[in-house]
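Data block below; observations after.
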Amino acid sequence: MFLDTGNLEEIKKALQFSFFEGVTTNPTILLKENQPRKTHIANIPAKLVFVQAAGLTEDEIWEDVVRIQAIEPAQGTVIGLKIPAHEAGVKVIAQVRAKFPDAIILATAIFSSEQGYIAALSGADYLAPYYNRMEVSGLDAAKTIAELRYILDLQGLEDVKIMGASFKNSRQIMQALASGADTVTISYDLFLQMMNKPLALESIEKFNEHHLALPK
């Protein structure tokens with residue numbers, strides 16, 4: 001799993017759990033931290049930190065890719081590139097793959113299987129379908145992920161990973177994984193929600209009450 005946040009305290013707490021592979025960010029997330037992007041990214045102590053390239057045109061996105069590539073991350077951290085999977089972004093993905101063959105690329109803002117397929121053909125390592133955004137728009141997010149996974153495997157692109165994103169609740173996270181997502185990126189609040197189920201907490205509290213009532 002990946003943690004979808006730029007908050008350093010949340011990141012430090014979550015990375016105590018070894019199964020987190022890294023952190024994903026975007027301009028909206030970073031704006032909440034009110035710090036220069038270059039400085040803030042350099043302070044994130046994760047193994048892999050994805051940074052989104054901004055811009056509307058191919059040239060603008062490429063220029064921001066170059067700026068991101070110049071960031072010096074924390075020791076032991078690798079910076080990955082998040083690039084939107086629309087026409088201009090897909091062109092940049094292909095450029096990055098050609099000029100920076102070792103770059104780790106996450107194609108983002110995916111709302112259809114065909115969009116993800118094109119991004120994979122262009123050289124993306126990860127594909128981020130927006131689960132809740134699809135559901136809100138009347139699209140079948142689970143079916144989209146399942147179809148995309150099937151097509152990738154059928155076309156010999158099985159190494160490309162689907163990273164489910166944009167979740168409203170923990171149930172959507174599990175539906176994405178059950179549909180074929182290889183991993184997910186989630187907020188810290190949703191991570192806590194996955195563990196701290198009210199019924200479980202109620203049961204644990206009762207066990208502890210009974211433990212204290214045991215004869216000494």
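Just remember, in the structure tokens the first chain shown is A, the second B, etc., residues are 1-based per chain, and ligands are 1-based in the order shown.
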Closest contacts (range 17-37 of chain A/range 101-116 of chain A, max 12 Å, only C-alpha atoms) as CSV:
```
residue,atom,partner,partner_atom,distance
A:Val23,CA,A:Leu106,CA,11.8
A:Thr24,CA,A:Leu106,CA,9.4
A:Thr25,CA,A:Thr108,CA,11.0
A:Asn26,CA,A:Thr108,CA,9.9
```
Practice problem: Determine, counting only C-alpha atoms, which protein, DNA and RNA residues have an atom within 12 Å of an atom of Ala141 in chain A; residues of the same chain fewer than 4 positions away are not included. Present the result as a PyMOL selection string. | Solution: chain A and resi 110-113+128-137+145-148+164-167+172-173+175-181
Exercise. Tell me which protein, DNA and RNA residues are within 9 Å of Lys161 in chain A, counting only C-alpha atoms, leaving out same-chain ones fewer than 5 positions away, and put them as a VMD selection string.
Key: chain A and resid 124 to 128 149 181 to 183
Once you have the residues from the selection above, write them out as a compact mmCIF listing (two decimals), in the first residue's frame, restricted to N, CA and C atoms.
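What ended up in result34.txt:
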```
# COMPACT_ATOMS: atom_id res chain seq x y z
N ALA A 124 4.21 3.65 -18.58
CA ALA A 124 3.92 3.82 -17.15
C ALA A 124 4.17 2.51 -16.39
N ASP A 125 4.67 2.63 -15.17
CA ASP A 125 4.88 1.47 -14.29
C ASP A 125 3.65 1.19 -13.44
N TYR A 126 2.96 2.26 -13.07
CA TYR A 126 1.75 2.17 -12.25
C TYR A 126 0.63 2.94 -12.93
N LEU A 127 -0.61 2.48 -12.72
CA LEU A 127 -1.79 3.15 -13.23
C LEU A 127 -2.73 3.43 -12.06
N ALA A 128 -3.20 4.67 -11.95
CA ALA A 128 -4.05 5.04 -10.82
C ALA A 128 -5.48 5.36 -11.26
N ARG A 149 -7.11 -4.86 -15.71
CA ARG A 149 -6.17 -5.92 -15.30
C ARG A 149 -6.16 -7.06 -16.33
N ALA A 181 -6.80 -4.68 -8.57
CA ALA A 181 -5.76 -3.70 -8.27
C ALA A 181 -4.62 -4.38 -7.54
N ASP A 182 -3.39 -4.05 -7.92
CA ASP A 182 -2.22 -4.65 -7.27
C ASP A 182 -1.93 -4.00 -5.93
N THR A 183 -2.28 -2.72 -5.83
CA THR A 183 -2.03 -1.97 -4.61
C THR A 183 -3.00 -0.79 -4.59
```
Self-check item: Backbone DSSP call of alpha helix (DSSP H) for range 9-117 of chain A, listed as a PyMOL selection string
Solution: chain A and resi 9-14+27-33+37-42+58-69+87-99+113-117
Practice problem: DSSP on the backbone, then: every residue of range 13-199 of chain A marked strand (DSSP E), written as an MDAnalysis selection string. | Solution: chainID A and resid 22:24 48:52 78:84 105:110 126:129 161:164 183:186
Export of prior selection with N, CA, C and O atoms as a compact mmCIF listing (two decimals), in the first residue's frame:
```
# COMPACT_ATOMS: atom_id res chain seq x y z
N GLY A 22 5.40 3.29 0.09
CA GLY A 22 5.81 4.66 -0.17
C GLY A 22 4.67 5.63 0.01
O GLY A 22 3.64 5.31 0.62
N VAL A 23 4.84 6.81 -0.55
CA VAL A 23 3.90 7.92 -0.39
C VAL A 23 3.56 8.49 -1.76
O VAL A 23 4.43 8.60 -2.63
N THR A 24 2.30 8.87 -1.94
CA THR A 24 1.90 9.57 -3.16
C THR A 24 1.43 10.97 -2.78
O THR A 24 0.77 11.16 -1.76
N LEU A 48 9.77 5.41 -1.42
CA LEU A 48 9.37 5.90 -2.74
C LEU A 48 8.33 7.00 -2.56
O LEU A 48 7.33 6.80 -1.87
N VAL A 49 8.59 8.16 -3.13
CA VAL A 49 7.68 9.29 -3.02
C VAL A 49 7.30 9.75 -4.43
O VAL A 49 8.16 10.16 -5.21
N PHE A 50 6.02 9.67 -4.75
CA PHE A 50 5.55 10.12 -6.05
C PHE A 50 5.18 11.60 -5.99
O PHE A 50 4.46 12.04 -5.09
N VAL A 51 5.67 12.36 -6.98
CA VAL A 51 5.39 13.79 -7.09
C VAL A 51 4.73 14.04 -8.43
O VAL A 51 5.24 13.60 -9.47
N GLN A 52 3.62 14.76 -8.42
CA GLN A 52 2.89 14.99 -9.66
C GLN A 52 3.45 16.16 -10.45
O GLN A 52 3.67 17.24 -9.92
N VAL A 78 13.57 7.36 -3.12
CA VAL A 78 13.52 7.52 -4.57
C VAL A 78 12.28 8.33 -4.91
O VAL A 78 11.20 8.09 -4.37
N ILE A 79 12.43 9.30 -5.80
CA ILE A 79 11.28 10.10 -6.24
C ILE A 79 10.71 9.51 -7.52
O ILE A 79 11.43 9.30 -8.50
N GLY A 80 9.41 9.23 -7.49
CA GLY A 80 8.70 8.77 -8.67
C GLY A 80 7.90 9.91 -9.27
O GLY A 80 7.63 10.93 -8.61
N LEU A 81 7.52 9.76 -10.52
CA LEU A 81 6.79 10.81 -11.23
C LEU A 81 5.33 10.42 -11.40
O LEU A 81 5.01 9.32 -11.87
N LYS A 82 4.43 11.33 -11.01
CA LYS A 82 3.01 11.17 -11.30
C LYS A 82 2.70 12.05 -12.49
O LYS A 82 2.96 13.25 -12.47
N ILE A 83 2.14 11.44 -13.53
CA ILE A 83 1.83 12.19 -14.75
C ILE A 83 0.40 11.86 -15.18
O ILE A 83 0.05 10.68 -15.30
N PRO A 84 -0.44 12.87 -15.39
CA PRO A 84 -1.82 12.62 -15.80
C PRO A 84 -1.89 11.85 -17.12
O PRO A 84 -1.10 12.10 -18.03
N ILE A 105 7.23 5.66 -13.03
CA ILE A 105 6.15 6.52 -13.50
C ILE A 105 4.79 5.98 -13.06
O ILE A 105 4.47 4.82 -13.28
N LEU A 106 4.01 6.87 -12.45
CA LEU A 106 2.62 6.57 -12.08
C LEU A 106 1.71 7.42 -12.94
O LEU A 106 1.71 8.65 -12.83
N ALA A 107 0.95 6.79 -13.81
CA ALA A 107 -0.03 7.51 -14.64
C ALA A 107 -1.29 7.71 -13.80
O ALA A 107 -1.85 6.76 -13.25
N THR A 108 -1.70 8.97 -13.68
CA THR A 108 -2.78 9.28 -12.74
C THR A 108 -4.00 9.86 -13.45
O THR A 108 -3.98 10.09 -14.66
N ALA A 109 -5.06 10.07 -12.67
CA ALA A 109 -6.34 10.60 -13.19
C ALA A 109 -6.91 9.69 -14.28
O ALA A 109 -7.31 10.14 -15.35
N ILE A 110 -6.95 8.38 -13.98
CA ILE A 110 -7.47 7.39 -14.93
C ILE A 110 -8.94 7.08 -14.60
O ILE A 110 -9.27 6.78 -13.46
N TYR A 126 2.96 2.26 -13.07
CA TYR A 126 1.75 2.17 -12.25
C TYR A 126 0.63 2.94 -12.93
O TYR A 126 0.87 3.96 -13.60
N LEU A 127 -0.61 2.48 -12.72
CA LEU A 127 -1.79 3.15 -13.23
C LEU A 127 -2.73 3.43 -12.06
O LEU A 127 -3.01 2.53 -11.28
N ALA A 128 -3.20 4.67 -11.95
CA ALA A 128 -4.05 5.04 -10.82
C ALA A 128 -5.48 5.36 -11.26
O ALA A 128 -5.79 6.52 -11.58
N PRO A 129 -6.37 4.35 -11.28
CA PRO A 129 -7.78 4.63 -11.53
C PRO A 129 -8.40 5.27 -10.29
O PRO A 129 -8.15 4.84 -9.17
N LYS A 161 1.52 -2.20 -12.78
CA LYS A 161 0.69 -2.35 -11.58
C LYS A 161 -0.45 -1.34 -11.56
O LYS A 161 -0.26 -0.18 -11.90
N ILE A 162 -1.60 -1.82 -11.14
CA ILE A 162 -2.75 -0.94 -10.95
C ILE A 162 -2.76 -0.49 -9.49
O ILE A 162 -2.78 -1.31 -8.57
N MET A 163 -2.72 0.82 -9.29
CA MET A 163 -2.75 1.40 -7.95
C MET A 163 -4.07 2.14 -7.78
O MET A 163 -4.23 3.27 -8.24
N GLY A 164 -5.03 1.49 -7.14
CA GLY A 164 -6.31 2.14 -6.90
C GLY A 164 -6.13 3.42 -6.09
O GLY A 164 -5.32 3.47 -5.17
N THR A 183 -2.28 -2.72 -5.83
CA THR A 183 -2.03 -1.97 -4.61
C THR A 183 -3.00 -0.79 -4.59
O THR A 183 -3.78 -0.59 -5.52
N VAL A 184 -2.95 -0.02 -3.51
CA VAL A 184 -3.81 1.15 -3.40
C VAL A 184 -3.02 2.26 -2.73
O VAL A 184 -2.03 2.01 -2.04
N THR A 185 -3.46 3.49 -2.94
CA THR A 185 -2.92 4.62 -2.19
C THR A 185 -4.08 5.23 -1.43
O THR A 185 -5.14 5.53 -2.00
N ILE A 186 -3.91 5.39 -0.11
CA ILE A 186 -5.03 5.75 0.75
C ILE A 186 -4.62 6.85 1.73
O ILE A 186 -3.44 7.01 2.05
```
Quiz item: Looking at A:Ser18, A:Thr57, A:Asn7, A:Thr144, which one is nearest to Gln35 in chain A, with distances taken over only C-alpha atoms?
Solution: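 With only C-alpha atoms as the atom set, the closest residue is A:Asn7.
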Exercise. Pick out the residues sitting within 7 Å of Gly123 in chain A, and hand them over as a list of chain:residue names; count only C-alpha atoms, and ignore anything fewer than 5 positions along from it in its own chain.
Key: A:Ile93, A:Ala94, A:Arg97
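CA of Ala119 in chain A to CA of Ile61 in chain A spans 15.3 Å [interatomic distance, one decimal].
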